[in-house]
Amino acid sequence: MMSGNKFRRTGAFVIDLLIAKMFIQIVISVFLRLVTYIFSGNNEGILSLNDPAALPVLMGFTLCTLLAFIGIYLGYSYICCRLIKRTLGKYLLSVDTPFTLGQCALSDYMQIERKKITLCCATLGLYALYSVVQYYVFNKRPYHELVVA
């Protein structure tokens, strides 16, 4: 029974990530509109994709997206905790929390959620940062662009 609880907790986290992803799609669409304005193909564009500043600008947009995702997830978790005392994924999958908000302060719970989402986004963002450094310093193409024959 213990392993079933582990899978339900993982599933609840994935459900919560997907719910937050639905909200972050609005922010991503605004960022993409901004990127198309900055990198427009005609003479109105501020930068071209061949410009040396293009990669840091795109990396900055990626970092802003990750930070916005963390903020939206924490806001979503806060609202869910205030209304139903746990996140919606945990509520739907009937996952018991190890403590109730009466035993533990809301700030402590939000600290746990912040650590979870920050570590999740950091592992995703770390690959993008690693790819940029490899490309700039060693002129190596990222692993996702390598063609295996």
# chains A, B, ... in the order shown; residues from 1 in each chain; ligands from 1
call {"tool": "select_by_dssp", "arguments": {"residues": "chain A", "states": "alpha helix (DSSP H)", "output": "ChimeraX atom specification"}}
result
/A:2-38,54-84,88-92,106-138
call {"tool": "residues_around", "arguments": {"residues": "Phe69 in chain A", "least_positions_apart": "6", "cutoff": "9 Å", "atoms": "only C-alpha atoms", "output": "list in words"}}
result
Ala20, Lys21, Phe23, Ile24, Val27, Ile117 and Cys121 of chain A
call {"tool": "write_last_selection", "arguments": {"atoms": "all heavy atoms", "output": "mmCIF file, in the first residue's frame"}}
result
data_model
loop_
_atom_site.group_PDB
_atom_site.id
_atom_site.type_symbol
_atom_site.label_atom_id
_atom_site.label_comp_id
_atom_site.auth_asym_id
_atom_site.auth_seq_id
_atom_site.Cartn_x
_atom_site.Cartn_y
_atom_site.Cartn_z
ATOM 1 N N ALA A 20 -0.953 24.373 -13.437
ATOM 2 C CA ALA A 20 -0.164 25.617 -13.488
ATOM 3 C C ALA A 20 0.275 25.902 -14.916
ATOM 4 O O ALA A 20 0.352 27.070 -15.330
ATOM 5 C CB ALA A 20 1.036 25.515 -12.564
ATOM 6 N N LYS A 21 0.550 24.860 -15.703
ATOM 7 C CA LYS A 21 0.962 25.046 -17.093
ATOM 8 C C LYS A 21 -0.158 25.670 -17.918
ATOM 9 O O LYS A 21 0.103 26.466 -18.827
ATOM 10 C CB LYS A 21 1.385 23.720 -17.718
ATOM 11 C CG LYS A 21 1.902 23.844 -19.126
ATOM 12 C CD LYS A 21 2.250 22.479 -19.682
ATOM 13 C CE LYS A 21 2.708 22.576 -21.104
ATOM 14 N NZ LYS A 21 1.619 22.783 -22.046
ATOM 15 N N PHE A 23 -2.205 27.895 -16.898
ATOM 16 C CA PHE A 23 -2.180 29.325 -16.620
ATOM 17 C C PHE A 23 -0.946 30.002 -17.218
ATOM 18 O O PHE A 23 -1.002 31.157 -17.628
ATOM 19 C CB PHE A 23 -2.241 29.577 -15.116
ATOM 20 C CG PHE A 23 -3.547 29.181 -14.507
ATOM 21 C CD1 PHE A 23 -3.615 28.185 -13.556
ATOM 22 C CD2 PHE A 23 -4.718 29.805 -14.886
ATOM 23 C CE1 PHE A 23 -4.819 27.822 -12.991
ATOM 24 C CE2 PHE A 23 -5.936 29.450 -14.334
ATOM 25 C CZ PHE A 23 -5.978 28.448 -13.381
ATOM 26 N N ILE A 24 0.172 29.304 -17.279
ATOM 27 C CA ILE A 24 1.405 29.919 -17.790
ATOM 28 C C ILE A 24 1.354 30.072 -19.305
ATOM 29 O O ILE A 24 2.111 30.852 -19.877
ATOM 30 C CB ILE A 24 2.648 29.113 -17.339
ATOM 31 C CG1 ILE A 24 3.945 29.912 -17.493
ATOM 32 C CG2 ILE A 24 2.816 27.862 -18.138
ATOM 33 C CD1 ILE A 24 4.064 31.067 -16.606
ATOM 34 N N VAL A 27 1.117 33.657 -20.268
ATOM 35 C CA VAL A 27 2.387 34.380 -20.165
ATOM 36 C C VAL A 27 3.297 34.011 -21.328
ATOM 37 O O VAL A 27 3.967 34.871 -21.907
ATOM 38 C CB VAL A 27 3.063 34.082 -18.806
ATOM 39 C CG1 VAL A 27 4.422 34.734 -18.705
ATOM 40 C CG2 VAL A 27 2.167 34.526 -17.666
ATOM 41 N N ILE A 117 8.879 23.050 -6.600
ATOM 42 C CA ILE A 117 8.764 23.615 -7.945
ATOM 43 C C ILE A 117 10.075 24.256 -8.381
ATOM 44 O O ILE A 117 10.429 24.212 -9.565
ATOM 45 C CB ILE A 117 7.569 24.599 -8.030
ATOM 46 C CG1 ILE A 117 7.248 24.921 -9.484
ATOM 47 C CG2 ILE A 117 7.824 25.861 -7.263
ATOM 48 C CD1 ILE A 117 6.788 23.763 -10.289
ATOM 49 N N CYS A 121 11.936 23.152 -11.836
ATOM 50 C CA CYS A 121 12.262 24.103 -12.908
ATOM 51 C C CYS A 121 13.767 24.285 -13.072
ATOM 52 O O CYS A 121 14.237 24.537 -14.173
ATOM 53 C CB CYS A 121 11.610 25.446 -12.641
ATOM 54 S SG CYS A 121 9.833 25.406 -12.858
#
call {"tool": "closest_residue", "arguments": {"among": "A:Ile15, A:Ala54, A:Leu34, A:Ile70", "to": "Gly125 in chain A", "atoms": "only C-alpha atoms"}}
result
A:Ile70
call {"tool": "closest_residue", "arguments": {"among": "A:Leu66, A:Tyr127, A:Ser77, A:Gln134", "to": "Tyr91 in chain A", "atoms": "only C-alpha atoms"}}
result
A:Ser77
call {"tool": "closest_residue", "arguments": {"among": "A:Leu67, A:Ser29, A:Tyr136, A:Ile79", "to": "Leu119 in chain A", "atoms": "only C-alpha atoms"}}
result
A:Leu67
